[in-house]
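Presented below is the structure to which this report refers.
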Amino acid sequence: MVRPVRRCGSDEETQRAGEEFVHLVRAGDVVILNGPLGAGKTTFVKGLARGLGVRERVVSPTFTMVRDYATDGRGGITHLHHADVYRASGPGDILDLDLHEWREESALVVVEWGERAADLFGEVNLTVNFTPDDSTEARDLEVVGPESLARSGEIAHWEGR
Ligand SMILES: Nc1ncnc2c1ncn2[C@@H]1O[C@H](COP(=O)(O)OP(=O)(O)O)[C@@H](O)[C@H]1O
Ligand SMILES: [Mg+2]
């Protein structure tokens with residue numbers, strides 16, 4: 001099976017990929033974003049927040065590690081919990097964030113550098129791997145994870161935009 005990858009040639013395209021990602025997620029999901037610093041993870045979440053109808057400006061949770069945004073309730077998702085565990089110095093730090101407690105029926109949890117926190121969640125529904133292209137500004141976004149098969153139709157549609 002060919003793994004779905006969406007190439008984002010610019011900051012705006014990565015935001016749009018995030019905005020359209022709303023069609024792939026469900027309330028109660030945990031989504032992990034993996035990729036090096038500057039890969040576009042926060043940029044993607046800005047677009048995702050727009051897609052969810054968040055009015056507040058999304059800023060990187062690098063220092064606070066967690067931020068919570070109210071959406072307009074579309075798709076049954078009322079909150080976006082955005083975390084970035086890059087600065088967590090170890091598993092204890094991550095445990096202190098009580099990330100698993102944010103998994104709620106009506107919320108979407110998105111975690112940057114989430115592979116470090118994946119064990120905390122019973123199940124991570126989707127993972128987006130960000131791979132920057134060395135010679136251009138482009139980023140390749142690949143969606144994997146347990147739900148990727150069940151949502152392959154939505155993912156293929158998203159990938160093909
Ligand atoms: N194709 C692209 N996708 C996303 N960001 C890009 C792209 N090209 C350039 N950029 C820039 O790269 C940076 C990505 O930063 P950010 O989203 O904070 O990354 P991360 O959260 O992964 O560390 C931003 O300054 C953005 O403008
Ligand atoms: Mg970031």
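Each chain in the structure tokens gets a letter, A, B, ..., in the order shown, and its residues are numbered from 1; ligands are numbered from 1 in order too.
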Extract, using only C-alpha atoms, all DNA, RNA and protein residues at most 9 Å from region 62-78 of chain A, discarding same-chain residues fewer than 5 positions from it, and format them as a ChimeraX atom specification. /A:22-23,25-28,49-50,52-56,83-88,97,99,105-108,111
Could the residues in this selection be saved with N, CA and C atoms as a PDB file, in the first residue's frame?
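Written file, selection-v3.pdb:
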ATOM      1  N   VAL A  22      -9.415  18.743   9.476  1.00  0.00           N
ATOM      2  CA  VAL A  22     -10.640  18.578  10.284  1.00  0.00           C
ATOM      3  C   VAL A  22     -11.518  17.454   9.737  1.00  0.00           C
ATOM      4  N   HIS A  23     -11.397  17.168   8.456  1.00  0.00           N
ATOM      5  CA  HIS A  23     -12.218  16.102   7.869  1.00  0.00           C
ATOM      6  C   HIS A  23     -11.697  14.711   8.236  1.00  0.00           C
ATOM      7  N   VAL A  25     -10.454  14.009  11.449  1.00  0.00           N
ATOM      8  CA  VAL A  25     -10.467  13.785  12.893  1.00  0.00           C
ATOM      9  C   VAL A  25     -11.898  13.688  13.427  1.00  0.00           C
ATOM     10  N   ARG A  26     -11.974  13.100  14.614  1.00  0.00           N
ATOM     11  CA  ARG A  26     -13.256  12.974  15.310  1.00  0.00           C
ATOM     12  C   ARG A  26     -13.061  13.508  16.722  1.00  0.00           C
ATOM     13  N   ALA A  27     -14.148  13.920  17.331  1.00  0.00           N
ATOM     14  CA  ALA A  27     -14.096  14.306  18.734  1.00  0.00           C
ATOM     15  C   ALA A  27     -13.586  13.115  19.538  1.00  0.00           C
ATOM     16  N   GLY A  28     -12.696  13.392  20.485  1.00  0.00           N
ATOM     17  CA  GLY A  28     -12.122  12.330  21.311  1.00  0.00           C
ATOM     18  C   GLY A  28     -10.791  11.807  20.817  1.00  0.00           C
ATOM     19  N   ALA A  49      -6.783  24.846  13.745  1.00  0.00           N
ATOM     20  CA  ALA A  49      -7.623  25.675  14.621  1.00  0.00           C
ATOM     21  C   ALA A  49      -8.601  26.490  13.779  1.00  0.00           C
ATOM     22  N   ARG A  50      -8.131  27.011  12.679  1.00  0.00           N
ATOM     23  CA  ARG A  50      -9.019  27.778  11.787  1.00  0.00           C
ATOM     24  C   ARG A  50     -10.136  26.868  11.280  1.00  0.00           C
ATOM     25  N   LEU A  52     -11.409  24.434  12.742  1.00  0.00           N
ATOM     26  CA  LEU A  52     -12.328  24.102  13.833  1.00  0.00           C
ATOM     27  C   LEU A  52     -13.100  25.328  14.313  1.00  0.00           C
ATOM     28  N   GLY A  53     -12.830  26.468  13.718  1.00  0.00           N
ATOM     29  CA  GLY A  53     -13.541  27.683  14.117  1.00  0.00           C
ATOM     30  C   GLY A  53     -13.011  28.314  15.393  1.00  0.00           C
ATOM     31  N   VAL A  54     -11.739  28.089  15.702  1.00  0.00           N
ATOM     32  CA  VAL A  54     -11.135  28.748  16.868  1.00  0.00           C
ATOM     33  C   VAL A  54     -10.935  30.226  16.533  1.00  0.00           C
ATOM     34  N   ARG A  55     -11.379  31.106  17.435  1.00  0.00           N
ATOM     35  CA  ARG A  55     -11.256  32.539  17.183  1.00  0.00           C
ATOM     36  C   ARG A  55      -9.950  33.105  17.719  1.00  0.00           C
ATOM     37  N   GLU A  56      -9.506  32.518  18.811  1.00  0.00           N
ATOM     38  CA  GLU A  56      -8.281  32.984  19.458  1.00  0.00           C
ATOM     39  C   GLU A  56      -7.078  32.722  18.543  1.00  0.00           C
ATOM     40  N   ALA A  83      -0.591  20.693  22.683  1.00  0.00           N
ATOM     41  CA  ALA A  83       0.582  20.538  23.543  1.00  0.00           C
ATOM     42  C   ALA A  83       1.841  20.447  22.712  1.00  0.00           C
ATOM     43  N   ASP A  84       2.935  20.803  23.347  1.00  0.00           N
ATOM     44  CA  ASP A  84       4.257  20.662  22.725  1.00  0.00           C
ATOM     45  C   ASP A  84       5.182  20.179  23.831  1.00  0.00           C
ATOM     46  N   VAL A  85       5.618  18.955  23.746  1.00  0.00           N
ATOM     47  CA  VAL A  85       6.414  18.393  24.834  1.00  0.00           C
ATOM     48  C   VAL A  85       7.910  18.422  24.527  1.00  0.00           C
ATOM     49  N   TYR A  86       8.283  19.284  23.590  1.00  0.00           N
ATOM     50  CA  TYR A  86       9.703  19.382  23.221  1.00  0.00           C
ATOM     51  C   TYR A  86      10.588  19.688  24.424  1.00  0.00           C
ATOM     52  N   ARG A  87      10.129  20.583  25.280  1.00  0.00           N
ATOM     53  CA  ARG A  87      10.952  21.005  26.400  1.00  0.00           C
ATOM     54  C   ARG A  87      10.863  20.098  27.622  1.00  0.00           C
ATOM     55  N   ALA A  88      10.018  19.120  27.540  1.00  0.00           N
ATOM     56  CA  ALA A  88       9.935  18.183  28.667  1.00  0.00           C
ATOM     57  C   ALA A  88      11.279  17.489  28.819  1.00  0.00           C
ATOM     58  N   LEU A  97       2.115  16.799  33.138  1.00  0.00           N
ATOM     59  CA  LEU A  97       1.175  17.571  32.313  1.00  0.00           C
ATOM     60  C   LEU A  97      -0.223  16.948  32.303  1.00  0.00           C
ATOM     61  N   LEU A  99      -1.488  14.831  30.441  1.00  0.00           N
ATOM     62  CA  LEU A  99      -2.017  14.883  29.072  1.00  0.00           C
ATOM     63  C   LEU A  99      -3.183  13.927  28.845  1.00  0.00           C
ATOM     64  N   GLU A 105     -14.439  13.242  25.361  1.00  0.00           N
ATOM     65  CA  GLU A 105     -15.331  12.901  24.259  1.00  0.00           C
ATOM     66  C   GLU A 105     -15.519  14.047  23.285  1.00  0.00           C
ATOM     67  N   SER A 106     -15.456  15.270  23.791  1.00  0.00           N
ATOM     68  CA  SER A 106     -15.776  16.408  22.931  1.00  0.00           C
ATOM     69  C   SER A 106     -14.551  17.231  22.537  1.00  0.00           C
ATOM     70  N   ALA A 107     -13.364  16.717  22.828  1.00  0.00           N
ATOM     71  CA  ALA A 107     -12.154  17.503  22.529  1.00  0.00           C
ATOM     72  C   ALA A 107     -11.256  16.787  21.533  1.00  0.00           C
ATOM     73  N   LEU A 108     -10.391  17.563  20.947  1.00  0.00           N
ATOM     74  CA  LEU A 108      -9.342  17.022  20.089  1.00  0.00           C
ATOM     75  C   LEU A 108      -8.014  17.372  20.753  1.00  0.00           C
ATOM     76  N   VAL A 111      -0.606  16.840  19.877  1.00  0.00           N
ATOM     77  CA  VAL A 111       0.646  16.921  20.637  1.00  0.00           C
ATOM     78  C   VAL A 111       1.857  16.966  19.704  1.00  0.00           C
TER      79      VAL A 111
END
Residues contacting ligand 1 - anything with an atom at most 10 Å away, using only C-alpha atoms and all ligand atoms - can you give me those as a ChimeraX atom specification? /A:7-17,33-46,59-62,84,86,112-113,130-133,136-141
Writing out the chosen residues with C-alpha atoms as a short mmCIF file (atom, residue, chain, number, x, y, z; two decimals), in the first residue's frame:
data_model
loop_
_atom_site.label_atom_id
_atom_site.label_comp_id
_atom_site.auth_asym_id
_atom_site.auth_seq_id
_atom_site.Cartn_x
_atom_site.Cartn_y
_atom_site.Cartn_z
CA ARG A 7 3.45 17.87 -0.08
CA CYS A 8 3.17 21.40 1.30
CA GLY A 9 5.30 23.84 -0.64
CA SER A 10 4.83 26.83 1.65
CA ASP A 11 3.76 27.95 5.09
CA GLU A 12 0.29 28.69 3.67
CA GLU A 13 -0.01 25.23 2.16
CA THR A 14 0.86 23.62 5.48
CA GLN A 15 -1.81 25.77 7.15
CA ARG A 16 -4.30 24.67 4.55
CA ALA A 17 -3.35 21.03 5.13
CA LEU A 33 2.71 15.48 15.26
CA ASN A 34 6.28 14.35 14.69
CA GLY A 35 9.09 16.13 12.93
CA PRO A 36 12.15 18.27 13.61
CA LEU A 37 12.11 21.84 14.92
CA GLY A 38 10.79 24.19 12.29
CA ALA A 39 9.10 21.40 10.34
CA GLY A 40 5.75 23.20 10.46
CA LYS A 41 3.91 21.43 13.26
CA THR A 42 2.68 24.63 14.91
CA THR A 43 1.91 26.10 11.48
CA PHE A 44 -0.27 23.06 10.82
CA VAL A 45 -2.10 23.49 14.14
CA LYS A 46 -2.84 27.13 13.26
CA VAL A 59 0.61 30.53 19.54
CA SER A 60 3.22 27.88 20.03
CA PRO A 61 2.84 26.14 23.38
CA THR A 62 6.61 25.68 23.53
CA ASP A 84 4.26 20.66 22.72
CA TYR A 86 9.70 19.38 23.22
CA GLU A 112 3.84 18.20 19.02
CA TRP A 113 6.83 15.91 19.62
CA PHE A 130 6.49 16.03 8.96
CA THR A 131 9.51 15.64 6.71
CA PRO A 132 11.17 18.83 5.48
CA ASP A 133 12.73 18.72 2.04
CA THR A 136 13.26 23.48 -0.88
CA GLU A 137 10.79 24.99 1.58
CA ALA A 138 8.52 22.00 1.12
CA ARG A 139 7.34 19.67 3.84
CA ASP A 140 5.92 16.22 3.25
CA LEU A 141 3.09 15.32 5.60
#
Which of chain A DSSP labels helix (DSSP H, G or I), written as a VMD selection string: chain A and resid 11 to 23 41 to 51 74 to 76 91 to 96 99 to 102 114 to 116 118 to 120 152 to 159
Store the residues picked out above, limited to N, CA and C atoms, as a compact mmCIF listing (two decimals), in the first residue's frame.
# COMPACT_ATOMS: atom_id res chain seq x y z
N ASP A 11 4.43 27.77 3.81
CA ASP A 11 3.76 27.95 5.09
C ASP A 11 2.23 27.91 4.91
N GLU A 12 1.74 28.63 3.90
CA GLU A 12 0.29 28.69 3.67
C GLU A 12 -0.27 27.31 3.32
N GLU A 13 0.48 26.56 2.54
CA GLU A 13 -0.01 25.23 2.16
C GLU A 13 -0.07 24.30 3.36
N THR A 14 0.88 24.46 4.26
CA THR A 14 0.86 23.62 5.48
C THR A 14 -0.33 24.02 6.35
N GLN A 15 -0.62 25.32 6.40
CA GLN A 15 -1.81 25.77 7.15
C GLN A 15 -3.07 25.20 6.53
N ARG A 16 -3.10 25.19 5.21
CA ARG A 16 -4.30 24.67 4.55
C ARG A 16 -4.45 23.16 4.81
N ALA A 17 -3.32 22.47 4.81
CA ALA A 17 -3.35 21.03 5.13
C ALA A 17 -3.92 20.83 6.53
N GLY A 18 -3.55 21.73 7.45
CA GLY A 18 -4.09 21.64 8.81
C GLY A 18 -5.57 21.95 8.84
N GLU A 19 -5.96 22.97 8.09
CA GLU A 19 -7.38 23.37 8.06
C GLU A 19 -8.24 22.22 7.53
N GLU A 20 -7.75 21.57 6.50
CA GLU A 20 -8.52 20.48 5.88
C GLU A 20 -8.42 19.17 6.66
N PHE A 21 -7.52 19.15 7.60
CA PHE A 21 -7.35 17.95 8.44
C PHE A 21 -8.59 17.72 9.32
N VAL A 22 -9.41 18.74 9.48
CA VAL A 22 -10.64 18.58 10.28
C VAL A 22 -11.52 17.45 9.74
N HIS A 23 -11.40 17.17 8.46
CA HIS A 23 -12.22 16.10 7.87
C HIS A 23 -11.70 14.71 8.24
N LYS A 41 4.94 22.04 12.42
CA LYS A 41 3.91 21.43 13.26
C LYS A 41 2.96 22.50 13.82
N THR A 42 3.53 23.56 14.37
CA THR A 42 2.68 24.63 14.91
C THR A 42 1.91 25.32 13.78
N THR A 43 2.56 25.51 12.65
CA THR A 43 1.91 26.10 11.48
C THR A 43 0.68 25.29 11.09
N PHE A 44 0.83 23.99 11.12
CA PHE A 44 -0.27 23.06 10.82
C PHE A 44 -1.41 23.23 11.83
N VAL A 45 -1.07 23.35 13.10
CA VAL A 45 -2.10 23.49 14.14
C VAL A 45 -2.85 24.82 13.98
N LYS A 46 -2.15 25.86 13.52
CA LYS A 46 -2.84 27.13 13.26
C LYS A 46 -3.95 26.94 12.23
N GLY A 47 -3.62 26.19 11.19
CA GLY A 47 -4.63 25.91 10.17
C GLY A 47 -5.75 25.03 10.71
N LEU A 48 -5.37 24.04 11.49
CA LEU A 48 -6.36 23.13 12.08
C LEU A 48 -7.33 23.92 12.97
N ALA A 49 -6.78 24.85 13.74
CA ALA A 49 -7.62 25.68 14.62
C ALA A 49 -8.60 26.49 13.78
N ARG A 50 -8.13 27.01 12.68
CA ARG A 50 -9.02 27.78 11.79
C ARG A 50 -10.14 26.87 11.28
N GLY A 51 -9.76 25.65 10.92
CA GLY A 51 -10.74 24.68 10.43
C GLY A 51 -11.79 24.31 11.48
N ARG A 74 -18.03 22.69 15.79
CA ARG A 74 -18.32 21.90 14.60
C ARG A 74 -17.78 20.47 14.74
N GLY A 75 -18.51 19.55 14.18
CA GLY A 75 -18.12 18.14 14.24
C GLY A 75 -18.15 17.56 15.65
N GLY A 76 -18.83 18.26 16.55
CA GLY A 76 -18.90 17.78 17.94
C GLY A 76 -17.63 18.02 18.72
N PRO A 91 10.30 11.70 31.10
CA PRO A 91 8.95 11.15 31.25
C PRO A 91 8.21 11.77 32.44
N GLY A 92 8.92 12.12 33.51
CA GLY A 92 8.27 12.72 34.69
C GLY A 92 7.61 14.03 34.35
N ASP A 93 8.34 14.86 33.60
CA ASP A 93 7.80 16.15 33.15
C ASP A 93 6.53 15.95 32.34
N ILE A 94 6.56 14.98 31.48
CA ILE A 94 5.41 14.73 30.60
C ILE A 94 4.24 14.21 31.43
N LEU A 95 4.53 13.34 32.37
CA LEU A 95 3.47 12.82 33.25
C LEU A 95 2.80 13.96 34.01
N ASP A 96 3.62 14.94 34.45
CA ASP A 96 3.10 16.08 35.22
C ASP A 96 2.07 16.88 34.43
N LEU A 99 -1.49 14.83 30.44
CA LEU A 99 -2.02 14.88 29.07
C LEU A 99 -3.18 13.93 28.84
N HIS A 100 -3.05 12.73 29.41
CA HIS A 100 -4.08 11.71 29.15
C HIS A 100 -5.44 12.16 29.68
N GLU A 101 -5.42 13.05 30.69
CA GLU A 101 -6.69 13.50 31.26
C GLU A 101 -7.44 14.46 30.33
N TRP A 102 -6.73 14.96 29.34
CA TRP A 102 -7.44 15.86 28.42
C TRP A 102 -8.20 15.13 27.36
N GLY A 114 4.98 14.42 19.95
CA GLY A 114 4.15 13.52 20.73
C GLY A 114 4.65 12.10 20.83
N GLU A 115 5.61 11.72 20.03
CA GLU A 115 6.09 10.34 20.17
C GLU A 115 6.65 10.13 21.56
N ARG A 116 7.09 11.22 22.18
CA ARG A 116 7.60 11.12 23.55
C ARG A 116 6.50 10.87 24.57
N ALA A 118 3.46 9.35 23.64
CA ALA A 118 2.48 8.42 23.08
C ALA A 118 2.04 7.35 24.08
N ASP A 119 2.97 6.92 24.92
CA ASP A 119 2.66 5.85 25.87
C ASP A 119 1.59 6.25 26.88
N LEU A 120 1.40 7.56 27.05
CA LEU A 120 0.43 8.04 28.05
C LEU A 120 -1.01 7.80 27.61
N SER A 152 -9.07 5.86 5.56
CA SER A 152 -8.23 5.97 4.37
C SER A 152 -8.90 6.77 3.26
N GLY A 153 -10.23 6.72 3.21
CA GLY A 153 -10.94 7.49 2.19
C GLY A 153 -10.76 8.98 2.40
N GLU A 154 -10.97 9.42 3.64
CA GLU A 154 -10.80 10.84 3.98
C GLU A 154 -9.34 11.26 3.78
N ILE A 155 -8.44 10.35 4.16
CA ILE A 155 -7.01 10.68 4.05
C ILE A 155 -6.61 10.82 2.58
N ALA A 156 -7.09 9.92 1.75
CA ALA A 156 -6.76 9.98 0.32
C ALA A 156 -7.29 11.29 -0.28
N HIS A 157 -8.47 11.67 0.14
CA HIS A 157 -9.07 12.91 -0.34
C HIS A 157 -8.23 14.11 0.10
N TRP A 158 -7.85 14.09 1.37
CA TRP A 158 -7.02 15.17 1.95
C TRP A 158 -5.67 15.24 1.24
N GLU A 159 -5.11 14.07 1.00
CA GLU A 159 -3.79 13.99 0.38
C GLU A 159 -3.82 14.55 -1.04
In Å, how far is it from CA of His81 (chain A) to CA of Val109 (chain A)? 4.7 Å
